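See below for the structure under consideration.
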Amino acid sequence: EQRDHKQLNTTHCISSNPLLAMCAGAPQLGRMVPLLIVSMTVVVHVSARVPLIIDTDIGGGGCQDVDDVAAICMAHALADNGEAELLAIVQDTQPPACAGAISVLNHFYGRDDLPIGAYRGEDLTPSLPHPYVDDLVANWSSPIKNTSQVPDAVHVYRRVLSAQRDHSVVISSVGLLTNLKGLLKSAPDEHSHLSGRDLVARKVAVLAVMGGAYPSSGALCECNFCALRSVDHQVAVEASAYVVKHMPPEVKIIFSGFEVGVAVQSGAALSSCAPESNPCRRAYINYEGGLSVRTMIKGSGSIPDCLA
């Protein structure tokens, strides 16, 4: 949290793009959608069809939140709109079913071929995800059900990054920084002769990190940077510190803290503008009995239908 960072004006970013303004007039529903709004806005304002990788905890880890569902649904919507090119989605937490939830969302948006990776470190405590994860995996179609069916996230990162244009990729980190630490420490392989740090320096333009609180998180360390005090705290802290310290200077980092996300409460209109068959909608209902996401929902009708 000590590295120089730029916090975006969230209200301006949302209102400046019609996709992100979806459901902006909806009743507020007490659940924040933190960095994804900021990092996706970074994506759409950098250039057309920005190559994008999402690194998510999706219902696992210290936060056990549902904002990652918004991240993935929004990313698919941006891809459908021709504003982003989804390259991969990687899971940075332990619960096996989280990869299945990612696959459910990919399948819903017609992207079963989108690479999924999972953290393969053995230092995270076996744990259960938030119940919405199991609900999605059990009740929606998907080719992948758990992490045993996907490769190591670091391998996915290296394979995907090596095929991209130099200084073109945006990484949206909405979870622990475990995968990013592994990527930076990775050795040359069949995909690239570059070390992990050199590969990131060559291929990544922006890293948008949801983590921390600014100017200081005080005594309560934010869950993406620190997990829980009782579970995986040291692993998360070490990963966060390593990534901040070793990220190449060529990569622009945007830190978005808790104070940004907590001010963004929105999206209850999805209860009427998205059908019951929509897993993005279902995850929010499962999480807290309501809906909170600024994104276009596939199959939900026209944009005006979701503005009320």
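Residues in the structure tokens are named by chain (A, B, ... in the order shown) and by number from 1 within that chain; ligands are numbered from 1 in the order shown.
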(message) Residues near Pro279 of chain A, anyone? I mean within 9 Å using only C-alpha atoms, not counting same-chain ones fewer than 6 positions away, as JSON, numbers by chain.
(response) {"A": [69, 104, 105, 108, 136, 140]}
(request) Find the residues around segment 160-177 of chain A up to 7 Å (only C-alpha atoms counted), leave out those fewer than 2 positions away in its own chain, and share them as a PyMOL selection string. (result) chain A and resi 35+39+43+50-57+68+87+92-93+156-158+179-181+191-192+202-210+224-225+236+239-240
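The space between atom CA of Tyr242 of chain A and atom CA of Leu183 of chain A spans 11.1 Å.
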(request) Name the closest residue to Tyr284 of chain A among the candidates A:Val133, A:Ala88, A:Ala48, A:Ile144; distances are taken between atoms, counting only C-alpha atoms. (result) A:Val133
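The shortest atom-to-atom distance to Glu259 of chain A, with only C-alpha atoms taken into account, belongs to A:Pro215 out of A:Ala227, A:Pro215, A:Val235, A:Ser271.
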(message) When you look at Ser142 of chain A with a cut-off of 10 Å (counting only C-alpha atoms), what residues show up, excluding the ones that are within fewer than 3 positions of it in the same chain? I need them as a PyMOL selection string.
(response) chain A and resi 100-108+112+136-139+145
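Across A:Tyr132, A:Gly218, A:Pro95, A:Val90, the tightest approach to Ile116 of chain A is made by A:Val90 when counting only C-alpha atoms.
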(request) Using DSSP on the backbone coordinates, identify the residues of segment 207-298 of chain A assigned to alpha helix (DSSP H); present them as a PyMOL selection string. (result) chain A and resi 223-226+233-246+258-261+270-273+279-288
Go ahead and save the picked residues with N, CA and C atoms, as a compact mmCIF listing (two decimals), in the first residue's frame.
```txt
# COMPACT_ATOMS: atom_id res chain seq x y z
N CYS A 223 -9.02 -7.44 3.17
CA CYS A 223 -9.00 -8.89 3.01
C CYS A 223 -8.29 -9.38 1.76
N ASN A 224 -8.25 -8.63 0.68
CA ASN A 224 -7.53 -9.09 -0.50
C ASN A 224 -6.02 -9.04 -0.30
N PHE A 225 -5.56 -8.07 0.46
CA PHE A 225 -4.14 -7.98 0.76
C PHE A 225 -3.73 -8.91 1.89
N CYS A 226 -4.66 -9.19 2.82
CA CYS A 226 -4.27 -9.87 4.06
C CYS A 226 -5.08 -11.11 4.40
N HIS A 233 -3.47 -15.62 6.57
CA HIS A 233 -3.04 -14.22 6.68
C HIS A 233 -1.61 -14.04 6.18
N GLN A 234 -0.70 -14.88 6.66
CA GLN A 234 0.70 -14.71 6.31
C GLN A 234 0.94 -14.94 4.83
N VAL A 235 0.26 -15.93 4.26
CA VAL A 235 0.41 -16.21 2.83
C VAL A 235 -0.03 -15.01 2.00
N ALA A 236 -1.18 -14.44 2.37
CA ALA A 236 -1.71 -13.30 1.62
C ALA A 236 -0.82 -12.08 1.76
N VAL A 237 -0.36 -11.81 2.96
CA VAL A 237 0.50 -10.65 3.19
C VAL A 237 1.80 -10.77 2.40
N GLU A 238 2.39 -11.94 2.43
CA GLU A 238 3.66 -12.14 1.71
C GLU A 238 3.46 -12.01 0.20
N ALA A 239 2.35 -12.53 -0.31
CA ALA A 239 2.09 -12.41 -1.74
C ALA A 239 1.89 -10.95 -2.14
N SER A 240 1.11 -10.22 -1.34
CA SER A 240 0.86 -8.81 -1.65
C SER A 240 2.15 -8.01 -1.63
N ALA A 241 2.96 -8.22 -0.59
CA ALA A 241 4.21 -7.48 -0.47
C ALA A 241 5.15 -7.80 -1.63
N TYR A 242 5.19 -9.06 -2.01
CA TYR A 242 6.10 -9.46 -3.09
C TYR A 242 5.69 -8.81 -4.41
N VAL A 243 4.40 -8.83 -4.71
CA VAL A 243 3.93 -8.27 -5.98
C VAL A 243 4.19 -6.76 -6.04
N VAL A 244 3.88 -6.07 -4.96
CA VAL A 244 4.10 -4.62 -4.95
C VAL A 244 5.58 -4.29 -5.10
N LYS A 245 6.42 -5.08 -4.46
CA LYS A 245 7.86 -4.81 -4.49
C LYS A 245 8.49 -5.18 -5.83
N HIS A 246 8.02 -6.24 -6.46
CA HIS A 246 8.71 -6.78 -7.63
C HIS A 246 8.00 -6.52 -8.96
N PHE A 258 -10.71 -0.03 -0.34
CA PHE A 258 -12.04 -0.30 0.20
C PHE A 258 -12.91 0.95 0.17
N GLU A 259 -12.29 2.10 0.39
CA GLU A 259 -13.07 3.34 0.44
C GLU A 259 -13.69 3.70 -0.92
N VAL A 260 -13.12 3.17 -2.00
CA VAL A 260 -13.70 3.39 -3.32
C VAL A 260 -14.90 2.47 -3.52
N GLY A 261 -14.70 1.18 -3.25
CA GLY A 261 -15.76 0.22 -3.49
C GLY A 261 -16.97 0.39 -2.60
N LEU A 270 -31.47 -5.49 -11.42
CA LEU A 270 -31.27 -6.78 -12.06
C LEU A 270 -32.34 -7.79 -11.67
N SER A 271 -33.01 -7.56 -10.55
CA SER A 271 -34.08 -8.47 -10.17
C SER A 271 -35.22 -8.43 -11.16
N SER A 272 -35.32 -7.34 -11.93
CA SER A 272 -36.37 -7.24 -12.93
C SER A 272 -35.83 -7.25 -14.35
N CYS A 273 -34.59 -6.81 -14.56
CA CYS A 273 -34.10 -6.70 -15.92
C CYS A 273 -33.33 -7.93 -16.37
N PRO A 279 -27.12 -16.68 -14.30
CA PRO A 279 -26.35 -17.03 -13.11
C PRO A 279 -25.75 -15.83 -12.39
N CYS A 280 -25.49 -14.73 -13.13
CA CYS A 280 -24.98 -13.52 -12.49
C CYS A 280 -26.02 -12.98 -11.51
N ARG A 281 -27.25 -12.93 -11.96
CA ARG A 281 -28.37 -12.49 -11.12
C ARG A 281 -28.52 -13.42 -9.91
N ARG A 282 -28.46 -14.72 -10.18
CA ARG A 282 -28.68 -15.69 -9.11
C ARG A 282 -27.62 -15.58 -8.01
N ALA A 283 -26.39 -15.35 -8.40
CA ALA A 283 -25.31 -15.25 -7.41
C ALA A 283 -25.57 -14.12 -6.42
N TYR A 284 -26.06 -12.99 -6.93
CA TYR A 284 -26.35 -11.86 -6.05
C TYR A 284 -27.54 -12.13 -5.14
N ILE A 285 -28.57 -12.77 -5.69
CA ILE A 285 -29.72 -13.12 -4.87
C ILE A 285 -29.30 -14.08 -3.77
N ASN A 286 -28.49 -15.07 -4.13
CA ASN A 286 -28.01 -16.04 -3.17
C ASN A 286 -27.17 -15.37 -2.09
N TYR A 287 -26.38 -14.38 -2.50
CA TYR A 287 -25.44 -13.73 -1.56
C TYR A 287 -26.18 -12.95 -0.48
N GLU A 288 -27.19 -12.16 -0.87
CA GLU A 288 -27.84 -11.35 0.16
C GLU A 288 -29.30 -11.01 -0.14
```
